[in-house]
Structures are given as structure tokens and as C-alpha cells.
$ cat structure-v1.pdb   # PDB, C-alpha atoms
ATOM      1  CA  MET B   1       0.000   0.000   0.000  1.00  0.00           C
ATOM      2  CA  ASN B   2       1.381   3.293  -1.175  1.00  0.00           C
ATOM      3  CA  TYR B   3       0.430   5.198   1.956  1.00  0.00           C
ATOM      4  CA  LEU B   4       2.533   2.944   4.075  1.00  0.00           C
ATOM      5  CA  LYS B   5       5.833   3.573   2.357  1.00  0.00           C
ATOM      6  CA  GLU B   6       7.917   4.888   5.166  1.00  0.00           C
ATOM      7  CA  GLU B   7       8.909   8.285   3.784  1.00  0.00           C
ATOM      8  CA  ARG B   8       5.434   9.104   2.560  1.00  0.00           C
ATOM      9  CA  LEU B   9       3.937   7.971   5.835  1.00  0.00           C
ATOM     10  CA  ASN B  10       6.392  10.091   7.785  1.00  0.00           C
ATOM     11  CA  ALA B  11       5.551  13.219   5.765  1.00  0.00           C
ATOM     12  CA  LEU B  12       1.806  12.579   6.052  1.00  0.00           C
ATOM     13  CA  ALA B  13       2.009  11.998   9.803  1.00  0.00           C
ATOM     14  CA  ALA B  14       3.901  15.274  10.210  1.00  0.00           C
ATOM     15  CA  GLU B  15       1.308  17.246   8.229  1.00  0.00           C
ATOM     16  CA  TYR B  16      -1.519  15.557  10.098  1.00  0.00           C
ATOM     17  CA  VAL B  17      -0.076  16.534  13.453  1.00  0.00           C
ATOM     18  CA  VAL B  18       0.790  20.076  12.315  1.00  0.00           C
ATOM     19  CA  GLY B  19      -2.803  20.363  11.118  1.00  0.00           C
ATOM     20  CA  THR B  20      -2.184  21.231   7.470  1.00  0.00           C
ATOM     21  CA  LEU B  21      -3.577  17.903   6.239  1.00  0.00           C
ATOM     22  CA  ARG B  22      -7.202  18.848   5.706  1.00  0.00           C
ATOM     23  CA  GLY B  23     -10.529  17.757   4.283  1.00  0.00           C
ATOM     24  CA  LYS B  24     -10.776  14.296   2.789  1.00  0.00           C
ATOM     25  CA  ALA B  25      -7.056  13.654   3.153  1.00  0.00           C
ATOM     26  CA  ARG B  26      -7.389  14.156   6.899  1.00  0.00           C
ATOM     27  CA  THR B  27     -10.372  11.809   7.171  1.00  0.00           C
ATOM     28  CA  ARG B  28      -8.550   9.181   5.115  1.00  0.00           C
ATOM     29  CA  TYR B  29      -5.510   9.505   7.329  1.00  0.00           C
ATOM     30  CA  GLN B  30      -7.612   9.042  10.466  1.00  0.00           C
ATOM     31  CA  LYS B  31      -9.013   5.810   9.042  1.00  0.00           C
ATOM     32  CA  LEU B  32      -5.497   4.578   8.268  1.00  0.00           C
ATOM     33  CA  MET B  33      -4.489   5.334  11.838  1.00  0.00           C
ATOM     34  CA  MET B  34      -7.248   3.061  13.085  1.00  0.00           C
ATOM     35  CA  GLN B  35      -6.225   0.315  10.674  1.00  0.00           C
ATOM     36  CA  TYR B  36      -2.447   0.316  10.843  1.00  0.00           C
ATOM     37  CA  GLN B  37      -0.193   0.357  13.861  1.00  0.00           C
ATOM     38  CA  ALA B  38       2.628   1.928  11.806  1.00  0.00           C
ATOM     39  CA  VAL B  39       0.425   4.918  11.051  1.00  0.00           C
ATOM     40  CA  SER B  40      -0.586   5.491  14.653  1.00  0.00           C
ATOM     41  CA  ASP B  41       3.045   5.037  15.773  1.00  0.00           C
ATOM     42  CA  ALA B  42       4.253   7.649  13.272  1.00  0.00           C
ATOM     43  CA  THR B  43       1.515  10.002  14.467  1.00  0.00           C
ATOM     44  CA  ALA B  44       2.484   9.579  18.131  1.00  0.00           C
ATOM     45  CA  GLN B  45       6.111  10.216  17.239  1.00  0.00           C
ATOM     46  CA  TRP B  46       5.255  13.526  15.583  1.00  0.00           C
ATOM     47  CA  GLU B  47       2.974  14.525  18.433  1.00  0.00           C
ATOM     48  CA  GLN B  48       5.951  14.090  20.708  1.00  0.00           C
ATOM     49  CA  TYR B  49       8.251  16.042  18.345  1.00  0.00           C
ATOM     50  CA  LEU B  50       5.948  19.040  18.084  1.00  0.00           C
ATOM     51  CA  THR B  51       4.371  19.149  21.500  1.00  0.00           C
ATOM     52  CA  GLY B  52       6.954  21.699  22.681  1.00  0.00           C
ATOM     53  CA  PHE B  53       5.101  24.319  20.656  1.00  0.00           C
ATOM     54  CA  ALA B  54       1.893  23.635  22.587  1.00  0.00           C
ATOM     55  CA  GLU B  55       3.332  22.956  26.011  1.00  0.00           C
ATOM     56  CA  THR B  56       5.240  26.224  26.135  1.00  0.00           C
ATOM     57  CA  LEU B  57       2.183  28.406  25.562  1.00  0.00           C
ATOM     58  CA  PRO B  58       1.426  30.445  28.701  1.00  0.00           C
ATOM     59  CA  PRO B  59      -1.286  28.541  30.621  1.00  0.00           C
ATOM     60  CA  VAL B  60      -4.800  29.980  30.712  1.00  0.00           C
ATOM     61  CA  THR B  61      -7.213  28.782  33.405  1.00  0.00           C
ATOM     62  CA  PRO B  62     -10.548  27.826  31.828  1.00  0.00           C
ATOM     63  CA  PRO B  63     -13.788  29.206  33.314  1.00  0.00           C
ATOM     64  CA  ASP B  64     -15.383  27.068  36.073  1.00  0.00           C
ATOM     65  CA  SER B  65     -18.305  26.310  33.768  1.00  0.00           C
ATOM     66  CA  VAL B  66     -16.023  24.079  31.683  1.00  0.00           C
ATOM     67  CA  TRP B  67     -15.419  21.668  34.582  1.00  0.00           C
ATOM     68  CA  GLU B  68     -19.054  21.866  35.657  1.00  0.00           C
ATOM     69  CA  SER B  69     -20.268  20.660  32.285  1.00  0.00           C
ATOM     70  CA  ILE B  70     -17.757  17.817  32.250  1.00  0.00           C
TER      71      ILE B  70
ATOM     72  CA  MET T   1       5.850  16.066  37.351  1.00  0.00           C
ATOM     73  CA  GLU T   2       4.937  13.897  34.406  1.00  0.00           C
ATOM     74  CA  HIS T   3       6.001  10.573  35.909  1.00  0.00           C
ATOM     75  CA  GLU T   4       5.332  11.333  39.550  1.00  0.00           C
ATOM     76  CA  THR T   5       1.990  13.017  39.084  1.00  0.00           C
ATOM     77  CA  LEU T   6       0.213  12.748  35.761  1.00  0.00           C
ATOM     78  CA  PHE T   7       0.741   9.080  35.019  1.00  0.00           C
ATOM     79  CA  PRO T   8      -0.630   7.800  38.368  1.00  0.00           C
ATOM     80  CA  LEU T   9      -3.583  10.184  38.051  1.00  0.00           C
ATOM     81  CA  LEU T  10      -4.321   8.934  34.555  1.00  0.00           C
ATOM     82  CA  CYS T  11      -4.128   5.306  35.744  1.00  0.00           C
ATOM     83  CA  LYS T  12      -6.635   6.048  38.501  1.00  0.00           C
ATOM     84  CA  THR T  13      -8.821   7.875  35.996  1.00  0.00           C
ATOM     85  CA  ALA T  14      -8.803   4.757  33.826  1.00  0.00           C
ATOM     86  CA  ASP T  15     -10.139   2.883  36.879  1.00  0.00           C
ATOM     87  CA  GLY T  16     -13.010   5.340  37.173  1.00  0.00           C
ATOM     88  CA  ASP T  17     -11.591   7.395  40.061  1.00  0.00           C
ATOM     89  CA  LYS T  18     -13.391  10.734  39.752  1.00  0.00           C
ATOM     90  CA  LYS T  19     -11.251  12.458  42.362  1.00  0.00           C
ATOM     91  CA  ALA T  20      -8.086  11.603  40.433  1.00  0.00           C
ATOM     92  CA  PHE T  21      -9.711  12.840  37.240  1.00  0.00           C
ATOM     93  CA  ALA T  22     -10.613  16.130  38.930  1.00  0.00           C
ATOM     94  CA  GLU T  23      -7.009  16.499  40.074  1.00  0.00           C
ATOM     95  CA  LEU T  24      -5.739  15.689  36.575  1.00  0.00           C
ATOM     96  CA  TYR T  25      -8.079  18.359  35.230  1.00  0.00           C
ATOM     97  CA  LYS T  26      -6.913  20.893  37.793  1.00  0.00           C
ATOM     98  CA  ILE T  27      -3.265  20.397  36.885  1.00  0.00           C
ATOM     99  CA  THR T  28      -3.517  20.134  33.111  1.00  0.00           C
ATOM    100  CA  SER T  29      -6.550  22.160  32.025  1.00  0.00           C
ATOM    101  CA  PRO T  30      -4.759  25.554  31.941  1.00  0.00           C
ATOM    102  CA  GLN T  31      -2.373  24.083  29.356  1.00  0.00           C
ATOM    103  CA  LEU T  32      -5.060  22.364  27.265  1.00  0.00           C
ATOM    104  CA  TYR T  33      -7.259  25.446  27.433  1.00  0.00           C
ATOM    105  CA  ALA T  34      -4.393  27.697  26.304  1.00  0.00           C
ATOM    106  CA  VAL T  35      -3.857  25.428  23.287  1.00  0.00           C
ATOM    107  CA  ALA T  36      -7.570  25.373  22.387  1.00  0.00           C
ATOM    108  CA  LEU T  37      -7.964  29.114  22.859  1.00  0.00           C
ATOM    109  CA  ARG T  38      -4.979  29.854  20.663  1.00  0.00           C
ATOM    110  CA  LEU T  39      -6.358  27.627  17.900  1.00  0.00           C
ATOM    111  CA  LEU T  40      -9.985  28.708  18.134  1.00  0.00           C
ATOM    112  CA  LYS T  41      -9.705  32.374  19.260  1.00  0.00           C
ATOM    113  CA  ARG T  42     -13.332  32.357  20.495  1.00  0.00           C
ATOM    114  CA  PRO T  43     -13.612  31.496  24.216  1.00  0.00           C
ATOM    115  CA  GLU T  44     -16.961  29.687  23.829  1.00  0.00           C
ATOM    116  CA  LEU T  45     -15.384  27.352  21.261  1.00  0.00           C
ATOM    117  CA  ALA T  46     -12.293  26.844  23.403  1.00  0.00           C
ATOM    118  CA  ASP T  47     -14.654  25.925  26.282  1.00  0.00           C
ATOM    119  CA  GLU T  48     -16.376  23.376  24.050  1.00  0.00           C
ATOM    120  CA  ALA T  49     -13.103  21.869  22.788  1.00  0.00           C
ATOM    121  CA  THR T  50     -11.753  21.593  26.348  1.00  0.00           C
ATOM    122  CA  GLN T  51     -14.942  19.950  27.628  1.00  0.00           C
ATOM    123  CA  ASP T  52     -14.997  17.488  24.747  1.00  0.00           C
ATOM    124  CA  ALA T  53     -11.307  16.713  25.224  1.00  0.00           C
ATOM    125  CA  TYR T  54     -11.713  15.880  28.934  1.00  0.00           C
ATOM    126  CA  ILE T  55     -14.774  13.748  28.290  1.00  0.00           C
ATOM    127  CA  LYS T  56     -12.704  11.819  25.771  1.00  0.00           C
ATOM    128  CA  ILE T  57      -9.779  11.604  28.227  1.00  0.00           C
ATOM    129  CA  TRP T  58     -12.155  10.236  30.901  1.00  0.00           C
ATOM    130  CA  HIS T  59     -13.454   7.545  28.566  1.00  0.00           C
ATOM    131  CA  ASN T  60     -10.147   6.700  26.910  1.00  0.00           C
ATOM    132  CA  ALA T  61      -7.673   7.003  29.788  1.00  0.00           C
ATOM    133  CA  GLY T  62      -7.027   3.263  29.560  1.00  0.00           C
ATOM    134  CA  ASN T  63      -5.911   3.601  25.940  1.00  0.00           C
ATOM    135  CA  TYR T  64      -2.914   5.756  26.778  1.00  0.00           C
ATOM    136  CA  GLN T  65       0.347   3.998  25.927  1.00  0.00           C
ATOM    137  CA  ARG T  66       3.299   5.198  27.903  1.00  0.00           C
ATOM    138  CA  GLY T  67       5.837   4.092  25.314  1.00  0.00           C
ATOM    139  CA  LYS T  68       4.363   6.430  22.731  1.00  0.00           C
ATOM    140  CA  GLY T  69       4.749   9.699  24.563  1.00  0.00           C
ATOM    141  CA  THR T  70       4.090  11.620  27.750  1.00  0.00           C
ATOM    142  CA  VAL T  71       0.661  11.870  29.351  1.00  0.00           C
ATOM    143  CA  LEU T  72       0.597  15.620  28.750  1.00  0.00           C
ATOM    144  CA  THR T  73       1.402  15.205  25.049  1.00  0.00           C
ATOM    145  CA  TRP T  74      -1.365  12.623  24.735  1.00  0.00           C
ATOM    146  CA  MET T  75      -3.845  14.962  26.402  1.00  0.00           C
ATOM    147  CA  VAL T  76      -2.740  18.058  24.488  1.00  0.00           C
ATOM    148  CA  SER T  77      -3.081  16.109  21.224  1.00  0.00           C
ATOM    149  CA  ILE T  78      -6.674  15.157  22.055  1.00  0.00           C
ATOM    150  CA  ALA T  79      -7.502  18.814  22.706  1.00  0.00           C
ATOM    151  CA  ARG T  80      -5.724  19.959  19.536  1.00  0.00           C
ATOM    152  CA  TYR T  81      -7.545  17.520  17.248  1.00  0.00           C
ATOM    153  CA  ARG T  82     -10.898  18.459  18.766  1.00  0.00           C
ATOM    154  CA  ALA T  83     -10.071  22.152  18.290  1.00  0.00           C
ATOM    155  CA  LEU T  84      -9.004  21.524  14.682  1.00  0.00           C
ATOM    156  CA  ASP T  85     -12.350  19.787  14.051  1.00  0.00           C
ATOM    157  CA  LEU T  86     -14.171  22.796  15.486  1.00  0.00           C
ATOM    158  CA  ILE T  87     -12.108  25.229  13.381  1.00  0.00           C
ATOM    159  CA  ARG T  88     -13.352  23.469  10.274  1.00  0.00           C
ATOM    160  CA  TYR T  89     -16.888  22.985  11.519  1.00  0.00           C
ATOM    161  CA  HIS T  90     -17.334  26.636  12.488  1.00  0.00           C
ATOM    162  CA  ASN T  91     -15.139  27.910   9.693  1.00  0.00           C
ATOM    163  CA  VAL T  92     -12.993  29.891  12.119  1.00  0.00           C
ATOM    164  CA  ARG T  93     -10.924  32.390  10.190  1.00  0.00           C
ATOM    165  CA  ASN T  94      -7.374  32.961  11.174  1.00  0.00           C
ATOM    166  CA  GLU T  95      -6.394  36.560  11.275  1.00  0.00           C
ATOM    167  CA  VAL T  96      -3.577  36.797  13.722  1.00  0.00           C
ATOM    168  CA  GLU T  97      -2.019  40.084  14.670  1.00  0.00           C
ATOM    169  CA  LEU T  98       1.364  40.563  13.080  1.00  0.00           C
ATOM    170  CA  ASN T  99       3.095  40.841  16.439  1.00  0.00           C
ATOM    171  CA  ASP T 100       1.521  37.562  17.538  1.00  0.00           C
ATOM    172  CA  ASP T 101       3.887  35.458  15.468  1.00  0.00           C
ATOM    173  CA  ALA T 102       6.361  32.775  16.354  1.00  0.00           C
ATOM    174  CA  PRO T 103       8.188  33.490  19.558  1.00  0.00           C
ATOM    175  CA  SER T 104      11.899  34.181  19.189  1.00  0.00           C
ATOM    176  CA  GLY T 105      12.696  31.413  21.650  1.00  0.00           C
ATOM    177  CA  MET T 106      10.753  28.870  23.587  1.00  0.00           C
ATOM    178  CA  GLU T 107       9.459  30.177  26.882  1.00  0.00           C
ATOM    179  CA  THR T 108       8.954  27.859  29.774  1.00  0.00           C
ATOM    180  CA  THR T 109       5.636  27.997  31.511  1.00  0.00           C
ATOM    181  CA  GLN T 110       5.316  28.435  35.237  1.00  0.00           C
ATOM    182  CA  SER T 111       3.035  25.493  35.796  1.00  0.00           C
ATOM    183  CA  ILE T 112       4.592  22.820  33.637  1.00  0.00           C
ATOM    184  CA  LYS T 113       8.340  22.587  33.567  1.00  0.00           C
ATOM    185  CA  LEU T 114      10.181  21.354  30.539  1.00  0.00           C
ATOM    186  CA  GLU T 115      11.759  17.992  30.993  1.00  0.00           C
ATOM    187  CA  ALA T 116      15.076  17.027  29.440  1.00  0.00           C
ATOM    188  CA  GLU T 117      13.389  15.642  26.321  1.00  0.00           C
ATOM    189  CA  GLN T 118      11.447  18.811  25.832  1.00  0.00           C
ATOM    190  CA  ALA T 119      14.507  20.954  26.375  1.00  0.00           C
ATOM    191  CA  LYS T 120      16.098  19.151  23.450  1.00  0.00           C
ATOM    192  CA  LEU T 121      12.988  19.755  21.402  1.00  0.00           C
ATOM    193  CA  ALA T 122      13.102  23.442  22.256  1.00  0.00           C
ATOM    194  CA  SER T 123      16.721  23.691  21.179  1.00  0.00           C
ATOM    195  CA  CYS T 124      15.946  21.883  17.895  1.00  0.00           C
ATOM    196  CA  LEU T 125      13.038  24.227  17.247  1.00  0.00           C
ATOM    197  CA  ASP T 126      15.368  27.139  17.862  1.00  0.00           C
ATOM    198  CA  GLU T 127      17.793  25.788  15.286  1.00  0.00           C
ATOM    199  CA  LEU T 128      15.243  25.953  12.483  1.00  0.00           C
ATOM    200  CA  ASP T 129      15.436  28.815   9.985  1.00  0.00           C
ATOM    201  CA  GLY T 130      13.200  31.688  11.051  1.00  0.00           C
ATOM    202  CA  PRO T 131      10.647  31.376   8.217  1.00  0.00           C
ATOM    203  CA  GLN T 132      10.448  27.587   8.594  1.00  0.00           C
ATOM    204  CA  ARG T 133       9.796  27.798  12.308  1.00  0.00           C
ATOM    205  CA  GLN T 134       7.346  30.610  11.836  1.00  0.00           C
ATOM    206  CA  ALA T 135       5.364  28.722   9.154  1.00  0.00           C
ATOM    207  CA  ILE T 136       5.194  25.567  11.304  1.00  0.00           C
ATOM    208  CA  HIS T 137       4.271  27.640  14.336  1.00  0.00           C
ATOM    209  CA  LEU T 138       1.433  29.431  12.529  1.00  0.00           C
ATOM    210  CA  ALA T 139       0.012  26.116  11.339  1.00  0.00           C
ATOM    211  CA  TYR T 140       0.522  24.120  14.531  1.00  0.00           C
ATOM    212  CA  VAL T 141      -0.198  26.704  17.218  1.00  0.00           C
ATOM    213  CA  ASN T 142      -2.627  29.015  15.429  1.00  0.00           C
ATOM    214  CA  GLY T 143      -4.318  26.334  13.336  1.00  0.00           C
ATOM    215  CA  MET T 144      -3.692  28.088  10.029  1.00  0.00           C
ATOM    216  CA  SER T 145      -4.208  26.280   6.727  1.00  0.00           C
ATOM    217  CA  HIS T 146      -1.508  26.423   4.053  1.00  0.00           C
ATOM    218  CA  GLN T 147      -3.527  29.168   2.375  1.00  0.00           C
ATOM    219  CA  GLU T 148      -3.794  31.213   5.554  1.00  0.00           C
ATOM    220  CA  VAL T 149      -0.044  30.947   6.100  1.00  0.00           C
ATOM    221  CA  VAL T 150       0.414  32.153   2.493  1.00  0.00           C
ATOM    222  CA  THR T 151      -1.651  35.256   3.255  1.00  0.00           C
ATOM    223  CA  HIS T 152      -0.028  35.846   6.601  1.00  0.00           C
ATOM    224  CA  LEU T 153       3.567  35.560   5.447  1.00  0.00           C
ATOM    225  CA  ALA T 154       2.913  36.994   1.974  1.00  0.00           C
ATOM    226  CA  SER T 155       4.834  34.217   0.249  1.00  0.00           C
ATOM    227  CA  PRO T 156       3.692  31.826  -2.514  1.00  0.00           C
ATOM    228  CA  LEU T 157       2.016  28.527  -1.674  1.00  0.00           C
ATOM    229  CA  GLY T 158       4.907  26.451  -2.995  1.00  0.00           C
ATOM    230  CA  THR T 159       7.345  28.313  -0.763  1.00  0.00           C
ATOM    231  CA  ILE T 160       5.146  27.904   2.316  1.00  0.00           C
ATOM    232  CA  LYS T 161       4.664  24.185   1.703  1.00  0.00           C
ATOM    233  CA  SER T 162       8.369  23.750   1.252  1.00  0.00           C
ATOM    234  CA  TRP T 163       9.229  25.754   4.407  1.00  0.00           C
ATOM    235  CA  ILE T 164       6.909  23.563   6.417  1.00  0.00           C
ATOM    236  CA  ARG T 165       8.120  20.328   4.822  1.00  0.00           C
ATOM    237  CA  ARG T 166      11.806  21.161   5.103  1.00  0.00           C
ATOM    238  CA  GLY T 167      11.393  22.596   8.575  1.00  0.00           C
ATOM    239  CA  LEU T 168       9.768  19.360   9.732  1.00  0.00           C
ATOM    240  CA  GLN T 169      12.544  17.300   8.134  1.00  0.00           C
ATOM    241  CA  SER T 170      15.244  19.359   9.874  1.00  0.00           C
ATOM    242  CA  LEU T 171      13.418  19.076  13.161  1.00  0.00           C
ATOM    243  CA  GLN T 172      13.212  15.309  12.852  1.00  0.00           C
ATOM    244  CA  ARG T 173      16.910  15.081  11.946  1.00  0.00           C
ATOM    245  CA  CYS T 174      17.900  17.231  14.903  1.00  0.00           C
ATOM    246  CA  LEU T 175      15.721  15.249  17.313  1.00  0.00           C
ATOM    247  CA  SER T 176      17.002  11.861  16.192  1.00  0.00           C
ATOM    248  CA  LEU T 177      20.674  12.801  16.698  1.00  0.00           C
TER     249      LEU T 177
END
$ encode --input "structure-v1.pdb" --output "C-alpha cells"
Amino acid sequence: MNYLKEERLNALAAEYVVGTLRGKARTRYQKLMMQYQAVSDATAQWEQYLTGFAETLPPVTPPDSVWESI
Amino acid sequence: MEHETLFPLLCKTADGDKKAFAELYKITSPQLYAVALRLLKRPELADEATQDAYIKIWHNAGNYQRGKGTVLTWMVSIARYRALDLIRYHNVRNEVELNDDAPSGMETTQSIKLEAEQAKLASCLDELDGPQRQAIHLAYVNGMSHQEVVTHLASPLGTIKSWIRRGLQSLQRCLSL
């Protein structure tokens, strides 16, 4: 399967995690993640690579209503 | 904090311990909310994304796999994907102020300290060329599409795509050294 070639998979996983993979391509990718361990592994790897961008944002406490509705 | 605190709390959450879940929420929600708010801009949507994310975390706590990444990364990712869905669903437009761009360096937050792994990540991010880091930052943190990054940075689509692609490749190379 073409999608699973390592380099292509790596590039797709990166774009999925960055958020630039959109529309049908994104939906297709999500299905592949459910089907193939290699796809979900590549995704997790990129989440770990890029998380520094998210985890260094200054924290913002959500309003109490958020917890109440959970 | 990750290993001592978050992982045990997540394990208890997986067992249905509501008190542990509340504690997990208390510690991590300011970070998840900051991510959602930055992506969605509108507080009511950030509220919705954060709620949805924690409901998913409650139900899926047992699916977390430690070998694949930290608890916080797992949780932040859930919030990000939910926020990205909402961006598309509500057609949130991205018009970021020009001075709200990529930070010059990575700042540490008060509540969640960077661990060694993340310090390496920060230094690799700092090594990227300015435009590459900025393009990735606008897409990842602000939720911009390729087209929105094109408008924001006033560069052609091909250039933007290549900055993002090459920036990601460099980042991966640096991190796997």
C-alpha cells in the first residue's frame, strides 16, 4: 500500500499533526491510523516532536463552567 | 511532574476514580485550554473543545500507551484535534495580529516545567530557519491552513509548503541525533 511507504507515511504523519492535512485527506488519514499500527506510531512520534510548541504556551485557566459541564 | 503526578492520576482515571480525574483536570486544564484558545480564538469554542477533550480523556484514559509519549502530550493532542475539528466545523478564520507570530525562543511555563526531552525539542526548534519555524508555528499553534499561512507571510504557496516540509525534516533530523 502506497500510503505505508515509510517516507510518505512520515511526511503525512507530520502534516496531520501540524494540522495542514485537511478535508478528505485528513479523514482518510484518520481511518489509516485506526487500521495500521505503523500509522498510529508515526503520528504519536510527531505529536511528541511538536508538543513543545503547545506545552510552552502560557497557561490559561478555563472558566469554572467548563469543569461543571464535564 | 509527568512521571510522579500525571501518570498515576491517569491510571486512577482509567479505573473510574473521579477524584483523580478532577485532580488531573486541575493540573492540566490551563495548558489544554491555552492550546484550544490559541487555535480557536473564540472562548466559547475553546470551552467546548476543552470539555470534549476531557470527556474523551475520561473515557479513553485506559488507551494511553506510555511508550508512545508523555501523558501531557497525549492529552494536548486530544484537545488539539478536537479544536481543529471545530475550526473546520465553524469555519474559524485565522487573522492573527502581526506581532503575535512565532516566539523568538521557547518560553517555559510556570506550571509545567520542561523535561530534558522537551529541552532538546526546544533547542531543535530554535535551530530551524526563522521562516520555517514561523510557518510551522502558525500552522501548529494558530491552526492556520496552508492558504492562511500564504496570506499571513505573503509568500507563494509552494514556498510555504516547502518551508513547512523542510522545517519538519530538519526538526526530525535534529531530534534523532
$ resolve_selection --input "structure-v1.pdb" --expression "the PyMOL selection byres ((chain B) within 7 of (chain T))" --output "VMD selection string"
chain B and resid 18 to 20 44 to 45 47 to 49 51 to 62 66 70
$ closest_residue --input "structure-v1.pdb" --among "T:Tyr89, T:Phe21, T:Trp163, T:Phe7" --to "Arg66 in chain T" --atoms "all atoms listed in the file"
T:Phe7
$ atom_distance --input "structure-v1.pdb" --atom1 "CA of Pro156 in chain T" --atom2 "CA of Arg133 in chain T"
16.5 Å
$ resolve_selection --input "structure-v1.pdb" --expression "the PyMOL selection byres ((chain B and resi 25-42) around 8)" --output "JSON, numbers by chain"
{"B": [4, 9, 10, 13, 16, 21, 22, 23, 24, 43, 44, 45, 46], "T": [68]}
$ write_last_selection --input "structure-v1.pdb" --atoms "C-alpha atoms" --output "tab-separated table (two decimals), in the coordinates of the input"
chain	number	residue	atom	x	y	z
B	4	LEU	CA	2.53	2.94	4.08
B	9	LEU	CA	3.94	7.97	5.84
B	10	ASN	CA	6.39	10.09	7.78
B	13	ALA	CA	2.01	12.00	9.80
B	16	TYR	CA	-1.52	15.56	10.10
B	21	LEU	CA	-3.58	17.90	6.24
B	22	ARG	CA	-7.20	18.85	5.71
B	23	GLY	CA	-10.53	17.76	4.28
B	24	LYS	CA	-10.78	14.30	2.79
B	43	THR	CA	1.52	10.00	14.47
B	44	ALA	CA	2.48	9.58	18.13
B	45	GLN	CA	6.11	10.22	17.24
B	46	TRP	CA	5.26	13.53	15.58
T	68	LYS	CA	4.36	6.43	22.73
$ atom_distance --input "structure-v1.pdb" --atom1 "CA of Tyr64 in chain T" --atom2 "CA of Leu39 in chain T"
23.9 Å
$ atom_distance --input "structure-v1.pdb" --atom1 "CA of Cys174 in chain T" --atom2 "CA of Met75 in chain T"
24.7 Å
$ axis_aligned_box --input "structure-v1.pdb" --around "range 150-153 of chain T" --padding-each-side "8 Å" --output "JSON"
{"center_x": 1.0, "center_y": 34.0, "center_z": 4.5, "size_x": 21.2, "size_y": 19.7, "size_z": 20.1}
$ residues_around --input "structure-v1.pdb" --residues "Lys12 in chain T" --least-positions-apart "4" --cutoff "12 Å" --atoms "all atoms listed in the file" --output "list in words"
Thr5, Leu6, Phe7, Pro8, Gly16, Asp17, Lys18, Lys19, Ala20, Phe21, Ala22, Glu23, Leu24, Trp58, Ala61 and Gly62 of chain T
